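Trainee: Data file my_file_2.cif (mmCIF, C-alpha atoms) is appended below.
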```
data_upload
loop_
_atom_site.label_atom_id
_atom_site.label_comp_id
_atom_site.auth_asym_id
_atom_site.auth_seq_id
_atom_site.Cartn_x
_atom_site.Cartn_y
_atom_site.Cartn_z
CA MET A 6 39.39 5.08 -4.05
CA LYS A 7 38.30 7.60 -6.68
CA LYS A 8 37.22 10.87 -5.12
CA TRP A 9 33.97 11.10 -7.09
CA LYS A 10 32.73 8.03 -5.22
CA ASN A 11 32.57 10.18 -2.09
CA ASN A 12 29.70 12.09 -3.70
CA ILE A 13 27.47 9.08 -4.33
CA ARG A 14 24.48 8.96 -2.04
CA GLN A 15 24.52 5.66 -0.15
CA VAL A 16 21.15 4.12 0.71
CA VAL A 17 19.87 0.67 1.57
CA PRO A 18 17.19 0.17 -1.10
CA TYR A 19 13.69 -1.19 -0.71
CA VAL A 20 13.53 -4.86 -1.73
CA PRO A 21 10.34 -5.63 -3.69
CA GLY A 22 8.69 -9.02 -3.73
CA GLU A 23 10.13 -11.53 -6.16
CA GLN A 24 8.64 -11.53 -9.66
CA PRO A 25 9.23 -15.03 -11.05
CA GLU A 26 9.62 -15.30 -14.82
CA ASP A 27 7.78 -18.61 -14.88
CA ARG A 28 4.07 -17.82 -15.01
CA ASN A 29 3.14 -21.37 -14.01
CA VAL A 30 3.36 -20.57 -10.31
CA ILE A 31 1.03 -19.68 -7.47
CA LYS A 32 2.10 -16.12 -6.77
CA LEU A 33 1.04 -14.97 -3.31
CA ASN A 34 3.95 -12.69 -2.44
CA THR A 35 3.21 -9.19 -3.76
CA ASN A 36 -0.43 -8.51 -2.81
CA GLU A 37 -1.58 -8.23 -6.40
CA ASN A 38 -5.24 -8.70 -7.19
CA PRO A 39 -5.75 -12.21 -8.61
CA TYR A 40 -8.56 -11.05 -10.92
CA PRO A 41 -8.18 -9.06 -14.15
CA PRO A 42 -9.12 -5.39 -14.44
CA ALA A 43 -12.76 -4.58 -15.15
CA PRO A 44 -14.02 -5.47 -18.65
CA GLY A 45 -14.50 -1.81 -19.46
CA VAL A 46 -10.85 -1.13 -18.67
CA MET A 47 -9.71 -3.84 -21.05
CA ALA A 48 -11.99 -2.52 -23.79
CA ALA A 49 -10.85 1.07 -23.25
CA ARG A 50 -7.31 0.26 -24.32
CA GLU A 51 -8.45 1.06 -27.86
CA GLN A 52 -9.46 4.57 -26.78
CA ILE A 53 -5.91 5.57 -25.90
CA GLY A 54 -4.90 8.53 -28.02
CA ASP A 55 -1.77 9.50 -29.91
CA LEU A 56 1.19 8.23 -27.90
CA ARG A 57 3.64 10.51 -29.70
CA LEU A 58 2.17 13.41 -27.70
CA TYR A 59 2.88 14.21 -24.07
CA PRO A 60 0.00 13.39 -21.74
CA ASP A 61 -1.87 16.11 -19.87
CA PRO A 62 0.60 17.04 -17.09
CA ALA A 63 -2.30 17.77 -14.74
CA ALA A 64 -4.01 14.44 -15.60
CA GLY A 65 -7.19 16.49 -15.42
CA GLN A 66 -9.49 13.77 -16.75
CA LEU A 67 -8.43 11.33 -14.05
CA VAL A 68 -8.33 13.94 -11.27
CA LYS A 69 -11.92 14.92 -12.09
CA ALA A 70 -13.04 11.28 -12.18
CA ILE A 71 -11.48 10.58 -8.76
CA ALA A 72 -12.90 13.79 -7.28
CA ASP A 73 -16.39 12.97 -8.56
CA TYR A 74 -16.14 9.38 -7.31
CA LYS A 75 -15.00 10.48 -3.86
CA GLY A 76 -17.33 13.48 -3.56
CA LEU A 77 -14.45 15.96 -3.43
CA SER A 78 -13.43 19.02 -5.41
CA GLU A 79 -10.70 18.63 -8.01
CA ASP A 80 -8.31 20.79 -5.98
CA GLN A 81 -8.44 18.15 -3.22
CA VAL A 82 -6.94 15.38 -5.40
CA PHE A 83 -3.35 14.69 -6.46
CA VAL A 84 -2.35 11.81 -8.76
CA GLY A 85 0.94 10.02 -9.29
CA VAL A 86 2.63 6.90 -10.64
CA GLY A 87 1.30 4.48 -8.07
CA SER A 88 0.98 5.31 -4.39
CA ASP A 89 4.76 4.90 -4.02
CA ASP A 90 5.28 7.95 -6.23
CA VAL A 91 2.63 9.90 -4.32
CA LEU A 92 4.22 8.97 -0.99
CA ALA A 93 7.74 9.82 -2.16
CA MET A 94 6.50 13.24 -3.34
CA SER A 95 4.82 13.68 0.04
CA PHE A 96 8.03 12.93 1.92
CA MET A 97 9.86 15.53 -0.17
CA THR A 98 7.10 18.09 0.20
CA PHE A 99 6.06 17.87 3.84
CA PHE A 100 8.80 16.27 5.91
CA ASN A 101 11.35 19.09 6.05
CA SER A 102 11.45 19.86 9.77
CA ASP A 103 14.52 19.50 11.95
CA LYS A 104 12.42 17.14 14.09
CA PRO A 105 12.08 13.41 13.32
CA ILE A 106 9.04 11.98 11.59
CA PHE A 107 7.23 9.09 13.29
CA PHE A 108 6.09 5.77 11.82
CA PRO A 109 5.63 2.23 13.21
CA ASP A 110 8.53 -0.18 13.64
CA ILE A 111 6.60 -2.86 11.75
CA THR A 112 5.15 -1.23 8.66
CA TYR A 113 5.65 -0.63 4.95
CA SER A 114 9.40 -0.98 4.53
CA PHE A 115 9.68 1.86 1.99
CA TYR A 116 9.18 4.53 4.69
CA ASP A 117 12.67 4.33 6.16
CA VAL A 118 14.15 4.04 2.65
CA TRP A 119 12.57 7.34 1.58
CA ALA A 120 13.55 8.96 4.86
CA ASP A 121 17.17 7.93 4.35
CA LEU A 122 17.13 8.92 0.68
CA PHE A 123 15.76 12.40 1.39
CA ARG A 124 17.85 12.75 4.58
CA ILE A 125 14.85 12.99 6.87
CA SER A 126 15.38 12.01 10.49
CA TYR A 127 12.87 9.51 11.85
CA GLU A 128 11.83 7.44 14.82
CA ARG A 129 10.16 4.06 14.64
CA LYS A 130 7.37 3.63 17.19
CA ALA A 131 7.03 0.05 18.41
CA LEU A 132 3.71 -1.68 17.86
CA ASP A 133 2.29 -3.33 20.96
CA ASP A 134 2.44 -7.08 21.54
CA ASP A 135 -0.67 -7.53 19.38
CA PHE A 136 0.94 -5.56 16.52
CA CYS A 137 -1.33 -2.56 17.09
CA ILE A 138 -0.36 1.12 16.87
CA ARG A 139 -0.50 2.95 20.21
CA PRO A 140 -1.77 6.48 19.50
CA GLY A 141 -0.03 7.89 22.57
CA ASP A 142 3.36 7.06 21.04
CA TYR A 143 2.65 9.73 18.43
CA TYR A 144 1.92 12.55 20.89
CA PRO A 145 5.50 13.88 21.35
CA GLU A 146 6.74 16.73 19.18
CA ASN A 147 7.72 15.54 15.70
CA GLY A 148 8.20 16.56 12.09
CA GLY A 149 5.33 14.53 10.68
CA VAL A 150 3.52 11.21 11.01
CA ILE A 151 2.84 8.43 8.52
CA PHE A 152 1.29 4.98 8.91
CA PRO A 153 -0.70 2.55 6.76
CA ASN A 154 -4.28 1.62 7.58
CA PRO A 155 -4.70 -1.34 7.42
CA ASN A 156 -1.08 -1.73 8.41
CA ALA A 157 1.33 -3.75 6.31
CA PRO A 158 2.46 -6.45 6.65
CA THR A 159 0.11 -7.22 9.57
CA GLY A 160 -3.21 -6.33 7.91
CA ILE A 161 -4.54 -4.85 11.16
CA LEU A 162 -7.08 -2.04 10.83
CA MET A 163 -6.95 0.97 13.14
CA ASP A 164 -10.24 2.46 14.26
CA LEU A 165 -11.03 5.95 13.01
CA SER A 166 -11.26 7.17 16.61
CA ASP A 167 -7.56 6.33 17.06
CA ILE A 168 -6.66 8.14 13.85
CA ARG A 169 -8.60 11.16 15.07
CA ASP A 170 -6.69 10.93 18.35
CA ILE A 171 -3.35 11.05 16.53
CA LEU A 172 -4.52 13.98 14.40
CA GLU A 173 -5.75 15.93 17.41
CA HIS A 174 -2.28 15.64 18.96
CA ASN A 175 -0.45 16.54 15.73
CA GLN A 176 -2.14 19.61 14.30
CA ASP A 177 1.14 21.41 13.50
CA VAL A 178 2.53 18.74 11.15
CA ILE A 179 1.28 16.72 8.18
CA VAL A 180 -0.23 13.35 9.05
CA ILE A 181 -0.32 10.84 6.19
CA VAL A 182 -2.64 7.83 6.28
CA ASP A 183 -1.57 5.30 3.67
CA GLU A 184 -4.75 3.45 2.65
CA ALA A 185 -3.39 1.10 0.00
CA TYR A 186 -5.57 -1.75 1.36
CA ILE A 187 -8.56 0.12 2.74
CA ASP A 188 -11.05 -1.27 0.20
CA PHE A 189 -10.68 -4.83 1.52
CA GLY A 190 -12.52 -4.25 4.78
CA GLY A 191 -11.90 -0.87 6.32
CA GLU A 192 -13.44 2.57 6.62
CA SER A 193 -11.45 5.33 4.98
CA ALA A 194 -10.31 8.33 7.01
CA GLN A 195 -11.75 10.55 4.27
CA GLU A 196 -14.49 11.84 6.57
CA LEU A 197 -11.78 13.37 8.77
CA LEU A 198 -10.67 15.70 5.97
CA THR A 199 -13.42 18.14 6.93
CA ASP A 200 -11.95 18.49 10.43
CA PHE A 201 -8.21 18.39 9.77
CA ASP A 202 -6.52 20.45 7.06
CA ASN A 203 -3.19 18.74 7.80
CA LEU A 204 -4.42 15.24 6.86
CA LEU A 205 -3.31 13.57 3.63
CA ILE A 206 -4.87 10.25 2.59
CA VAL A 207 -3.13 8.12 -0.04
CA GLN A 208 -4.83 5.37 -2.02
CA THR A 209 -4.00 3.26 -5.07
CA PHE A 210 -5.52 1.49 -8.08
CA SER A 211 -2.93 -1.29 -7.80
CA LYS A 212 -4.65 -3.55 -5.28
CA SER A 213 -8.43 -3.40 -5.24
CA ARG A 214 -8.75 -2.26 -8.88
CA SER A 215 -6.37 -4.87 -10.35
CA MET A 216 -4.24 -2.22 -12.04
CA ALA A 217 -0.75 -2.60 -10.55
CA GLY A 218 0.67 -2.76 -14.06
CA VAL A 219 -0.36 0.77 -15.05
CA ARG A 220 0.73 2.48 -11.80
CA ILE A 221 -1.94 4.86 -10.55
CA GLY A 222 -1.94 6.33 -7.06
CA TYR A 223 -3.61 9.40 -5.63
CA ALA A 224 -3.86 11.55 -2.55
CA MET A 225 -6.77 13.41 -0.99
CA GLY A 226 -6.32 16.46 1.20
CA ALA A 227 -6.96 20.14 1.68
CA PRO A 228 -6.41 22.32 -1.43
CA GLU A 229 -3.34 23.96 0.10
CA ILE A 230 -1.72 20.56 0.67
CA ILE A 231 -2.54 19.37 -2.84
CA ARG A 232 -1.21 22.60 -4.33
CA ALA A 233 2.09 22.09 -2.49
CA LEU A 234 2.35 18.54 -3.82
CA ASN A 235 1.77 19.73 -7.37
CA ASP A 236 4.43 22.41 -6.99
CA VAL A 237 6.98 19.75 -6.07
CA LYS A 238 5.76 17.44 -8.84
CA TYR A 239 6.16 20.14 -11.50
CA SER A 240 9.64 20.86 -10.16
CA PHE A 241 10.56 17.20 -10.41
CA ASN A 242 8.72 15.66 -13.38
CA SER A 243 5.77 17.37 -15.05
CA TYR A 244 4.60 14.27 -16.92
CA THR A 245 4.31 11.69 -14.18
CA LEU A 246 1.22 9.83 -15.40
CA ASN A 247 1.18 8.44 -18.92
CA GLN A 248 -1.78 8.62 -21.28
CA PRO A 249 -2.84 4.94 -20.93
CA SER A 250 -2.94 5.30 -17.14
CA ILE A 251 -5.09 8.42 -17.34
CA VAL A 252 -7.60 6.81 -19.73
CA LEU A 253 -7.77 3.39 -18.07
CA GLY A 254 -7.92 4.79 -14.56
CA THR A 255 -10.83 7.01 -15.49
CA VAL A 256 -12.75 4.09 -16.96
CA SER A 257 -12.05 1.90 -13.93
CA LEU A 258 -14.00 4.25 -11.67
CA ARG A 259 -17.14 3.65 -13.75
CA GLU A 260 -17.00 -0.13 -13.21
CA GLU A 261 -18.48 -0.16 -9.71
CA GLY A 262 -20.32 -3.47 -10.04
CA TYR A 263 -17.22 -5.37 -11.08
CA PHE A 264 -15.17 -3.58 -8.42
CA LYS A 265 -17.49 -4.71 -5.62
CA GLU A 266 -17.78 -8.22 -7.06
CA THR A 267 -14.03 -8.85 -7.06
CA LEU A 268 -13.64 -7.30 -3.60
CA LYS A 269 -16.24 -9.74 -2.26
CA LYS A 270 -14.47 -12.68 -3.87
CA ILE A 271 -11.20 -11.70 -2.24
CA THR A 272 -12.62 -11.00 1.21
CA ASP A 273 -14.71 -14.20 1.18
CA THR A 274 -11.62 -16.19 0.19
CA ARG A 275 -9.59 -14.44 2.90
CA GLU A 276 -12.08 -15.40 5.62
CA TRP A 277 -12.19 -19.02 4.39
CA PHE A 278 -8.39 -19.13 4.35
CA LYS A 279 -8.15 -17.80 7.91
CA LYS A 280 -10.28 -20.72 9.12
CA GLU A 281 -8.13 -23.21 7.23
CA LEU A 282 -4.99 -21.71 8.77
CA ALA A 283 -6.45 -22.03 12.26
CA ARG A 284 -7.30 -25.67 11.56
CA LEU A 285 -3.62 -26.26 10.75
CA ASN A 286 -2.47 -24.50 13.97
CA PHE A 287 -1.38 -21.29 12.30
CA SER A 288 -2.29 -18.00 13.93
CA CYS A 289 -2.61 -14.53 12.45
CA PRO A 290 -3.94 -11.07 13.32
CA ASP A 291 -7.41 -10.20 12.05
CA SER A 292 -6.42 -8.96 8.59
CA ARG A 293 -8.63 -6.45 6.79
CA ALA A 294 -6.35 -6.39 3.75
CA ASN A 295 -5.88 -8.68 0.75
CA PHE A 296 -3.24 -10.68 2.62
CA VAL A 297 -2.76 -12.43 5.96
CA PHE A 298 0.24 -12.40 8.29
CA VAL A 299 0.75 -15.85 9.76
CA THR A 300 2.94 -17.85 12.09
CA HIS A 301 2.89 -21.51 13.15
CA ASP A 302 3.14 -22.79 16.71
CA ARG A 303 6.11 -25.07 15.95
CA LEU A 304 7.26 -24.71 12.31
CA PRO A 305 9.75 -21.95 11.37
CA ALA A 306 8.43 -19.46 8.83
CA ARG A 307 11.62 -19.47 6.79
CA ASP A 308 11.42 -23.25 6.33
CA ILE A 309 7.81 -23.02 5.14
CA PHE A 310 8.75 -20.18 2.79
CA GLU A 311 11.55 -22.21 1.21
CA ALA A 312 9.50 -25.40 0.97
CA ALA A 313 6.63 -23.54 -0.71
CA ARG A 314 8.99 -21.88 -3.17
CA ALA A 315 10.38 -25.30 -4.10
CA LYS A 316 6.79 -26.21 -5.07
CA ASN A 317 6.39 -23.00 -7.16
CA ILE A 318 4.32 -21.28 -4.49
CA TYR A 319 5.61 -17.80 -3.67
CA VAL A 320 4.84 -16.06 -0.37
CA ARG A 321 6.70 -13.22 1.40
CA TYR A 322 9.21 -13.71 4.18
CA PHE A 323 10.76 -10.79 6.09
CA ASN A 324 14.04 -11.43 7.87
CA LYS A 325 13.46 -8.60 10.35
CA PRO A 326 13.23 -8.28 14.13
CA ARG A 327 9.91 -9.31 15.71
CA ILE A 328 8.49 -10.70 12.45
CA ASP A 329 11.12 -13.19 11.30
CA ASN A 330 8.83 -16.10 12.15
CA TYR A 331 5.89 -14.77 10.12
CA LEU A 332 4.85 -15.10 6.49
CA ARG A 333 2.77 -12.60 4.57
CA ILE A 334 0.46 -14.46 2.21
CA SER A 335 -1.51 -12.62 -0.46
CA ILE A 336 -5.05 -13.77 -1.17
CA GLY A 337 -5.30 -15.37 -4.59
CA THR A 338 -8.23 -17.05 -6.26
CA MET A 339 -10.09 -19.73 -4.32
CA ASP A 340 -8.41 -22.42 -6.45
CA GLU A 341 -4.97 -20.98 -5.68
CA MET A 342 -5.67 -20.82 -1.97
CA LYS A 343 -7.01 -24.38 -1.93
CA ALA A 344 -3.82 -25.54 -3.62
CA PHE A 345 -1.76 -23.69 -1.03
CA VAL A 346 -3.78 -25.21 1.82
CA ALA A 347 -3.14 -28.65 0.32
CA PHE A 348 0.59 -27.88 0.36
CA LEU A 349 0.38 -26.70 3.98
CA GLU A 350 -1.54 -29.80 5.08
CA GLU A 351 1.14 -32.03 3.60
CA TYR A 352 3.95 -29.92 5.04
CA VAL A 353 2.48 -29.66 8.53
CA ASN A 354 1.75 -33.38 8.74
CA HIS A 355 4.93 -34.74 7.12
#
```
Show me this structure written as structure tokens.
Mentor:
Amino acid sequence: MKKWKNNIRQVVPYVPGEQPEDRNVIKLNTNENPYPPAPGVMAAREQIGDLRLYPDPAAGQLVKAIADYKGLSEDQVFVGVGSDDVLAMSFMTFFNSDKPIFFPDITYSFYDVWADLFRISYERKALDDDFCIRPGDYYPENGGVIFPNPNAPTGILMDLSDIRDILEHNQDVIVIVDEAYIDFGGESAQELLTDFDNLLIVQTFSKSRSMAGVRIGYAMGAPEIIRALNDVKYSFNSYTLNQPSIVLGTVSLREEGYFKETLKKITDTREWFKKELARLNFSCPDSRANFVFVTHDRLPARDIFEAARAKNIYVRYFNKPRIDNYLRISIGTMDEMKAFVAFLEEYVNH
């Protein structure tokens, strides 16, 4: 074996959802918004400036737009290339203790990947039998805490009182609340920023704003936290956000009517789909995200996953402990979900 191979960092990478080349499919596996970006966003593509120039490294236009939209000051907002970039920067910036960080055992599967990549020790805290986070599990001494709300892939929303409880018992470390799906039926922890200067909230334009393709994520926190994030960013890559993302993201925040309209379509479709699943003897936690996490009383999840894929219907299957008999199904358009229900009816009754 060549000696230089000893210096290669070995990690088990995150596995993203499959992106089929054939567009003639029902794609319910990556939690994308089934509706296009707001009309103003599409029109604003012509406003994008000279692409031969570097974009503003501070992305000041977008930072100001987010701060104004959220009722914050500009020094409370950090932006990055999707929430994954923001979270990775946060791991590098804040999780440098000799103590392990805490996150749930069933959660966004990038957390342990980043922890391994950045050589951060960690402990997974088991969800209870109903897939809920137990705040008391996060009381022991640690090097930081991170969890999604709503959680992924379960879609379960944690009450703000429980988040406050975790914060009150972790005032010496950074607590990150990953709110990628908060717009689909939850209350943001933003109000807790006034009480806890160690809280960082991460959100994204990818899901609720139909802009996964331009990669915009952001964090909200105390100025000192945001300043630390920017210091790491400028030491890593000054020009994280490109010019199209800055322009289109700014415009998206002005399209409030369209934003609320598409959210309602998705949540209405989600509630209809839950009822159809129950009719077919599927069960799922009460999702407040743009997906549901389902299991059947007698049919193996892997078999359903493979049968659906054979019919050009893509859902997500996780071959992991405790959840290997569940499917995560993104909420598409009503027509897409009706077609999927028709498939399930035939499959269940065959």
Trainee: Could you list, as a list in words, every residue matched by the PyMOL selection byres ((chain A and resi 336) around 10) in this structure?
Mentor: Lys32, Leu33, Asn34, Thr35, Asn36, Glu37, Asn38, Pro39, Lys270, Ile271, Thr272, Asp273, Thr274, Arg275, Glu276, Phe278, Ala294, Asn295, Phe296, Val297, Arg333, Ile334, Ser335, Gly337, Thr338, Met339, Glu341 and Met342 of chain A
Trainee: Extract, using only C-alpha atoms, all DNA, RNA and protein residues at most 8 Å from Ser213 of chain A, discarding same-chain residues fewer than 5 positions from it, and format them as a list in words.
Mentor: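 After dropping sequence-adjacent residues, the list is Asn38, Tyr186, Asp188, Phe189, Phe264 and Leu268 of chain A.
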Trainee: Would you save the residues of that selection, restricted to C-alpha atoms, as a PDB file, in the frame of the given file?
Mentor:
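Everything below was put into part.pdb:
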```pdb
ATOM      1  CA  ASN A  38      -5.240  -8.700  -7.190  1.00  0.00           C
ATOM      2  CA  TYR A 186      -5.570  -1.750   1.360  1.00  0.00           C
ATOM      3  CA  ASP A 188     -11.050  -1.270   0.200  1.00  0.00           C
ATOM      4  CA  PHE A 189     -10.680  -4.830   1.520  1.00  0.00           C
ATOM      5  CA  PHE A 264     -15.170  -3.580  -8.420  1.00  0.00           C
ATOM      6  CA  LEU A 268     -13.640  -7.300  -3.600  1.00  0.00           C
TER       7      LEU A 268
END
```
Trainee: Check the smallest atom-to-atom distance from each of A:Ala48, A:Leu246, A:Leu197, A:Val299 to Val84 of chain A using all atoms listed in the file, then report the winner.
Mentor: A:Leu246
Trainee: Report as JSON, numbers by chain all protein, DNA and RNA residues lying within 12 Å of Asn29 of chain A, evaluated on all atoms listed in the file, omitting residues in the same chain fewer than 5 positions from it.
Mentor: {"A": [316, 317, 318, 319, 341]}
Trainee: Might you spell out which residues the PyMOL selection byres ((chain A and resi 244) around 10) would select in the displayed file, as a list of chain:residue names?
Mentor: A:Tyr59, A:Pro60, A:Asp61, A:Pro62, A:Ala63, A:Ala64, A:Gly85, A:Val86, A:Lys238, A:Tyr239, A:Phe241, A:Asn242, A:Ser243, A:Thr245, A:Leu246, A:Asn247, A:Gln248
Trainee: Okay, now the selection with C-alpha atoms, as a PDB file, in the frame of the given file?
Mentor:
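Dumped everything to again.pdb:
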```
ATOM      1  CA  TYR A  59       2.880  14.210 -24.070  1.00  0.00           C
ATOM      2  CA  PRO A  60       0.000  13.390 -21.740  1.00  0.00           C
ATOM      3  CA  ASP A  61      -1.870  16.110 -19.870  1.00  0.00           C
ATOM      4  CA  PRO A  62       0.600  17.040 -17.090  1.00  0.00           C
ATOM      5  CA  ALA A  63      -2.300  17.770 -14.740  1.00  0.00           C
ATOM      6  CA  ALA A  64      -4.010  14.440 -15.600  1.00  0.00           C
ATOM      7  CA  GLY A  85       0.940  10.020  -9.290  1.00  0.00           C
ATOM      8  CA  VAL A  86       2.630   6.900 -10.640  1.00  0.00           C
ATOM      9  CA  LYS A 238       5.760  17.440  -8.840  1.00  0.00           C
ATOM     10  CA  TYR A 239       6.160  20.140 -11.500  1.00  0.00           C
ATOM     11  CA  PHE A 241      10.560  17.200 -10.410  1.00  0.00           C
ATOM     12  CA  ASN A 242       8.720  15.660 -13.380  1.00  0.00           C
ATOM     13  CA  SER A 243       5.770  17.370 -15.050  1.00  0.00           C
ATOM     14  CA  THR A 245       4.310  11.690 -14.180  1.00  0.00           C
ATOM     15  CA  LEU A 246       1.220   9.830 -15.400  1.00  0.00           C
ATOM     16  CA  ASN A 247       1.180   8.440 -18.920  1.00  0.00           C
ATOM     17  CA  GLN A 248      -1.780   8.620 -21.280  1.00  0.00           C
TER      18      GLN A 248
END
```
Trainee: Tell me which of A:Ala70, A:Ala315, A:Ile328, A:Ile125 sits closest to Ser102 of chain A, counting only C-alpha atoms.
Mentor: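 Answer, going by the shortest atom-to-atom distance: A:Ile125.
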Trainee: Which one of A:Met94, A:Asp302, A:Asn286, A:Val346 sits closest to Ser240 of chain A if you count all atoms listed in the file?
Mentor: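 For Ser240 of chain A, the nearest of the given residues is A:Met94.
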Trainee: As an exercise, work out the distance from atom CA of Val118 of chain A to atom CA of Val182 of chain A in Å and give it to one decimal place.
Mentor: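 Taking atom CA of Val118 of chain A as the start and atom CA of Val182 of chain A as the end point, the length is 17.6 Å.
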Trainee: Pick out the residues sitting within 10 Å of Phe348 of chain A, and hand them over as a list in words; count only C-alpha atoms, and ignore anything fewer than 2 positions along from it in its own chain.
Mentor: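 Contacts, with the query itself left out: Ile309, Ala312, Ala313, Lys316, Ile318, Met342, Lys343, Ala344, Phe345, Val346, Glu350, Glu351, Tyr352 and Val353 of chain A.
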Trainee: Do you have the atom CA of Ile161 of chain A-atom CA of Val82 of chain A distance handy?
Mentor: 26.3 Å
Trainee: Enter the distance from atom CA of Val150 of chain A to atom CA of Arg293 of chain A, in Å, rounded to one decimal.
Mentor: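 Between atom CA of Val150 of chain A and atom CA of Arg293 of chain A the gap works out to 21.8 Å.
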Trainee: With a distance cut-off of 8 Å and only C-alpha atoms, select the neighbouring residues of Val219 of chain A, excluding the residue or stretch itself and same-chain residues fewer than 2 positions from it, and output the selection as a count of residues only.
Mentor: 6
Trainee: Which polymer residues, whether protein, DNA or RNA, lie within 12 Å of the coordinate (-2.0, -20.6, 12.7) when you count all atoms listed in the file? List them as JSON, numbers by chain, using the chain letters and numbers from the file.
Mentor: {"A": [278, 279, 280, 281, 282, 283, 284, 285, 286, 287, 288, 289, 290, 291, 297, 298, 299, 300, 301, 302, 303, 304, 305, 306, 330, 331, 332, 346, 349, 350, 353]}
Trainee: List, as a PyMOL selection string, every residue that the PyMOL selection byres ((chain A and resi 129) around 12) selects in the file provided.
Mentor: chain A and resi 105-114+116-117+120+126-128+130-132+138+142-143+147+150-152
Trainee: So which residues touch Pro228 of chain A within 10 Å, counting only C-alpha atoms, skipping near sequence neighbours fewer than 5 positions away, as number ranges by chain?
Mentor: A: 78-83, 202, 233-234
Trainee: In terms of the shortest atom-to-atom distance over only C-alpha atoms, which of A:Asn154, A:Asn354, A:Ser166, A:Asn324 is closest to Ser193 of chain A?
Mentor: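 Of A:Asn154, A:Asn354, A:Ser166, A:Asn324, the one nearest Ser193 of chain A is A:Asn154, counting only C-alpha atoms.
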Trainee: Is it possible to produce a file of segment 77-100 of chain A from this structure, with C-alpha atoms, as a PDB file, in the first residue's frame?
Mentor:
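File written: part28.pdb
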```
ATOM      1  CA  LEU A  77     -33.855  41.225  13.105  1.00  0.00           C
ATOM      2  CA  SER A  78     -30.743  43.348  12.731  1.00  0.00           C
ATOM      3  CA  GLU A  79     -28.342  42.507   9.919  1.00  0.00           C
ATOM      4  CA  ASP A  80     -25.668  41.394  12.390  1.00  0.00           C
ATOM      5  CA  GLN A  81     -28.022  38.607  13.526  1.00  0.00           C
ATOM      6  CA  VAL A  82     -28.124  36.897  10.103  1.00  0.00           C
ATOM      7  CA  PHE A  83     -25.613  34.621   8.358  1.00  0.00           C
ATOM      8  CA  VAL A  84     -26.128  33.220   4.849  1.00  0.00           C
ATOM      9  CA  GLY A  85     -24.640  30.223   3.071  1.00  0.00           C
ATOM     10  CA  VAL A  86     -24.996  27.802   0.181  1.00  0.00           C
ATOM     11  CA  GLY A  87     -28.081  26.015   1.419  1.00  0.00           C
ATOM     12  CA  SER A  88     -28.643  25.091   5.041  1.00  0.00           C
ATOM     13  CA  ASP A  89     -26.132  22.229   4.652  1.00  0.00           C
ATOM     14  CA  ASP A  90     -23.358  24.773   4.135  1.00  0.00           C
ATOM     15  CA  VAL A  91     -24.567  26.836   7.095  1.00  0.00           C
ATOM     16  CA  LEU A  92     -24.704  23.748   9.312  1.00  0.00           C
ATOM     17  CA  ALA A  93     -21.268  22.528   8.227  1.00  0.00           C
ATOM     18  CA  MET A  94     -19.819  25.975   9.016  1.00  0.00           C
ATOM     19  CA  SER A  95     -21.573  25.822  12.384  1.00  0.00           C
ATOM     20  CA  PHE A  96     -20.052  22.442  13.218  1.00  0.00           C
ATOM     21  CA  MET A  97     -16.590  23.812  12.408  1.00  0.00           C
ATOM     22  CA  THR A  98     -17.163  27.017  14.339  1.00  0.00           C
ATOM     23  CA  PHE A  99     -18.902  25.927  17.524  1.00  0.00           C
ATOM     24  CA  PHE A 100     -18.303  22.237  18.178  1.00  0.00           C
TER      25      PHE A 100
END
```
